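J.: Let me begin by handing over the structure; questions about it come next.
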Amino acid sequence: MRDPKVVCAGGFILFLIVLALGAPLIAPKDPLAQNLLIATVPPVGFADAEPGYLLGTDGLGRDVLSRVIFGTQVSLTVAFVAAGLSCLIGSLLGLLAGFLGGFVEALISRLVDVWMAFPPVLLSILLVAVLGTGLHSVIAAIVVIDWTRFCRVVRTETMGQAQMDYVTAARTIGFSQPTILFREILPNVVPVLIALLTLEMGIAVVVEAILSFVGLSVSSDTPTWGGMIAEGRQIVHEGWWVLAAPLAALFATVVAFNQLGDGLARSLDPVLRR
Amino acid sequence: MSAPRLSIEALSAISLRDSNRPILRRVSLAVGVGEVHGIVGESGAGKSTIAKAILGIIPSQVRLTGGRIAFEGRDLLSLSRNELRALLGRDIALVPQDPSTALNPSRRIDAQLTDGLRLKRGLSAKDARLRARALLDEVQIRDPERVLMSYPHQLSGGMRQRVLIAAAFGLEPKLVIADEPTTALDVTVQKQILRLIRALQERHGTSVLFVSHDLGVVAKICDRLSVLYMGRVMEQGATADVLSTPRHAYTKALLAANPRYDRPDTGLEPTPPEVIAALRAEIAAFDAGAREARDG
Amino acid sequence: MADELLAARGLVVAYGRAGSPAVLHDVDISVGKGETVGIVGESGSGKTTLGRTLLGLVRPLAGSVAFDGSDITALDEKARRPLRRRMQMIFQDPMSSLNPRHTIGRILVEPVLLHGLARSRDAALGLVHGVLDRVGLSRGTVERYSYELSGGQRQRVGIARAVVLRPDFVLADEIVSGLDVSTQAQVLRLLKELTGEMHLALAFISHDLSVIRSICQRVVVMREGRVVEEGPCERVFAAPAAAYTRMLIDAIPLPAVDPGWLTRGAAVEAAATG
């Protein structure tokens, strides 16, 4: 099913991946190189632009375009690793809870309820305080909070599927419990999972941006979109492009993830597809 | 012979989603005053489409391409939405198929019954409530007060269907469309409901258009039958005639495939492929003729 | 009894917590080798629960189920595994009883491999082709998904799945309820032929007495969790002993005009339903 929405969104994400992987080769300038002589220069096309600095420079004369390109590295790493880990942990527990029921389900559900009662922002700050700033804490913070989202949804979906006659049929044929869970039920839970995973990727990118906005993410040398937004906010009147570029990148990325997830869920679900 | 209350003339419809596949092929039938007319056919024959066309609720992917539906002489298809709405509920009522989804789960029965009475007959709240009680008595509900104060989920399927029948007949309409009203019910409850519909219909002189896939059900309650196959009326006539001396191959096939508890070896005769082929050919010939008439 | 394949005595079943009302009260039923027994009842009669209890999908609170002479009531899943091949089930809704994400081929091949009826996937496929031929489906069906088939075709796949393991006993739970009358006739005829050819014991659950009459030798009439009457079809239909059975038979509308039918039995019904 070649849905144009999926193709566009998927293409854009692929493009971002290419940017992230090839940043040192693709970015025109060194993202960390400061040059106060050309500080706060507007993008090419505007008056007083500096050739070679397509999106202008920031307050320290660094190339905005190169910084945005390098920023994809942090954003995508967080998106894939954090969302991936949350998905893995949450889904596994959700599958077990939904399928086994009884004591296991009660235990996991109570755990999720208690966990979700913690204020997420405080929890993130606590984690970063304990683990120190850096990508690992950002990823940890996201995983620690968002696994519950996967667990709940997967648990409900699994419970729903477990009621279906094809599961009863599998039991009457004599398949083992693990076989039933992973071969019969899981494939039917995957569409919901994919949609949630891509949604989570979008969320992860935004959370990282927020954390780097407040300086709790990676060190301030490494360019991140959140960090650039923080800096850009300060000089928005003198250099609006310093804020606009990372904001646009963030926006486009989250929209792409959402559209991809929506389109994938639709094309993977045979019932919705008809 | 007085003029029929409802007269469907050459009604045709197509499915927009399905490359304009015909759903109804010049369907004609007439329901007289005080008569129960059955439309019987298998799923996909188009029975529900006919009912929906009368009520003005055909889905957006279906388009009527011809014919008229005359109710007491007025063509329903040419009425404005407001004119049609004035007729519905007062002169034409519906007994739907699924009693569990036809009632609002979050409103009590008395509210749902009095809605129509107050809107369509202009009764005051008090009078409407009294009438609702009387209606439940008429449909032989033994504890009407309790039922009025209940929510739909507190009642059994048969009870809910009685409420819906009370709602339909309560406004003393001239025509009731019953769309598979007993399909979702147990067989013993079905008999009670059929008995009820017949009693109410006879008492009020209501005309009924009874849609069903069950030959046995239409045999017991309908005066006349239209046998529908792929949107085309294959046979039509008095119920006794159609069932005891069927003329069309499709009617015969339908009767042969029906299991009967009084004849042990019935119900195992699928329609022979030659008969299916002949039926398809008949439909194809009709379609070809219709195309010619349209294009020629 | 020498020819008894499946025999249940004194079954008491309740769902949910202790103290919930019983769904089956002291139910006895037996099915002989190669015999077709109909289980008829209206909603709430417990017929579906009875079927599932016979197959070991539901654990009874009291009573026993014996298969081919041995007590199988309290067996755990592992001990039941070898039995599973010999007791199979066909479901009411072929849409939900066929895993929407598996091809028909996979649905039919996996059970064959599980029970070792074929040594390799190719051999299993050969067996499956044979069964598809027998139930009147094309061999190309193995590549299709359930949503690509019609209701009648799906139900045939359900039958194929039940008989591919060459069981001794099959439970058919309302398998023709959603079908057009001519498709129903095809399915019933197929089932009758197969039970004869394979000497299958069949328990046929239905709310429709006419359908039961067409293929069953004996019938068990259930009401509100109890067996009201049972015996050979000929006898029960010609001379029903229980008032409820009589009421049930009278309520069936035959496709023939009968002016007195509507009002007949009204008094008996009123008395029976209270």
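Ordering of the structure tokens sets the chain letters (A, B, ...); residue numbers start at 1 within each chain; ligands are numbered from 1 in the order shown.
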Write out as a tab-separated table a residue-level contact list of chain B versus chain C with cut-off 9 Å: for each qualifying residue the closest pair of atoms and the distance in Å to one decimal, counting only C-alpha atoms, rows sorted by chain and residue number upward.

T.:
residue	atom	partner	partner_atom	distance
B:Glu42	CA	C:Asp180	CA	6.0
B:Ser43	CA	C:Asp180	CA	6.8
B:Leu185	CA	C:Ser43	CA	8.8
B:Asp186	CA	C:Glu42	CA	5.8
B:Val187	CA	C:Ala251	CA	6.0
B:Thr188	CA	C:Ala251	CA	5.3
B:Val189	CA	C:Ala251	CA	8.4
B:Gln190	CA	C:Ala251	CA	7.8
B:Lys191	CA	C:Ala251	CA	5.8
B:Gln192	CA	C:Leu262	CA	8.0
B:Leu194	CA	C:Leu262	CA	7.3
B:Arg195	CA	C:Leu262	CA	5.4
B:Arg198	CA	C:Leu262	CA	8.5
B:His213	CA	C:Asp180	CA	8.3
B:Asp214	CA	C:Pro255	CA	8.3
B:Leu215	CA	C:Pro255	CA	5.2
B:Gly216	CA	C:Pro255	CA	3.8
B:Val217	CA	C:Pro253	CA	5.7
B:Val218	CA	C:Pro255	CA	7.7
B:Ala219	CA	C:Val257	CA	5.2
B:Lys220	CA	C:Val257	CA	5.9
B:Ile221	CA	C:Leu262	CA	8.2
B:Thr239	CA	C:Val257	CA	7.1
B:Ala240	CA	C:Val257	CA	5.6
B:Leu243	CA	C:Ala256	CA	6.2
B:Ser244	CA	C:Ala256	CA	7.0
B:Ala253	CA	C:Ser182	CA	8.2
B:Leu254	CA	C:Ser182	CA	7.2
B:Leu255	CA	C:Pro255	CA	7.6
B:Ala256	CA	C:Ser182	CA	8.9
B:Ala257	CA	C:Ser182	CA	5.5
B:Asn258	CA	C:Val181	CA	6.2
B:Pro259	CA	C:Ser210	CA	5.4
B:Arg260	CA	C:Ser210	CA	5.0
B:Tyr261	CA	C:Ser210	CA	4.3
B:Asp262	CA	C:Phe237	CA	7.9
B:Arg263	CA	C:Ser214	CA	8.2
B:Pro264	CA	C:Ser214	CA	5.4
B:Asp265	CA	C:Ser214	CA	5.7
B:Thr266	CA	C:Ser214	CA	6.1
B:Gly267	CA	C:Ala185	CA	5.4
B:Leu268	CA	C:Ala185	CA	4.5
B:Glu269	CA	C:Ala185	CA	5.6
B:Pro270	CA	C:Ser182	CA	5.0
B:Thr271	CA	C:Ser182	CA	6.1

J.: Name the residues in contact with stretch 45-58 of chain A at a cut-off of 12 Å, using only C-alpha atoms, excluding same-chain residues fewer than 5 positions from it; report them as JSON, numbers by chain.

T.: {"A": [27, 28, 29, 30, 31, 32, 33, 34, 35, 36, 37, 38, 39, 40, 63, 64, 65, 66, 67, 68, 69, 223, 227, 228, 229, 230, 231, 232, 233, 234, 235, 236, 238, 239, 240, 241, 242, 243, 244, 245, 246]}

J.: Return the single residue from B:Leu164, B:Ala3, B:Leu200, B:Ala293 that is closest to B:Glu138, with distances computed using only C-alpha atoms.

T.: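 Once distances to B:Glu138 are computed over only C-alpha atoms, the minimum belongs to B:Leu200.
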
J.: When distances are computed from only C-alpha atoms, which of C:Arg154, C:Arg119, C:Arg86, C:Arg226 shows the smallest separation from C:Lys47?

T.: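 Using only C-alpha atoms, C:Lys47 sits closest to C:Arg226.
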
J.: From the options A:Thr224, A:Gln177, A:Asn188, A:Thr168, which residue's atoms come nearest to A:Thr77, counting only C-alpha atoms?

T.: A:Thr224

J.: Would you list the contacts of C:Ile205 as a list in words, taking every protein, DNA or RNA residue within 8 Å and counting only C-alpha atoms, but skipping same-chain residues closer than 4 positions in sequence?

T.: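 Near neighbours after the sequence-gap exclusion: Gly38, Ile39, Val40, Lys47, Thr48, Gly51, Leu171, Ala172, Asp173 and Glu174 of chain C.
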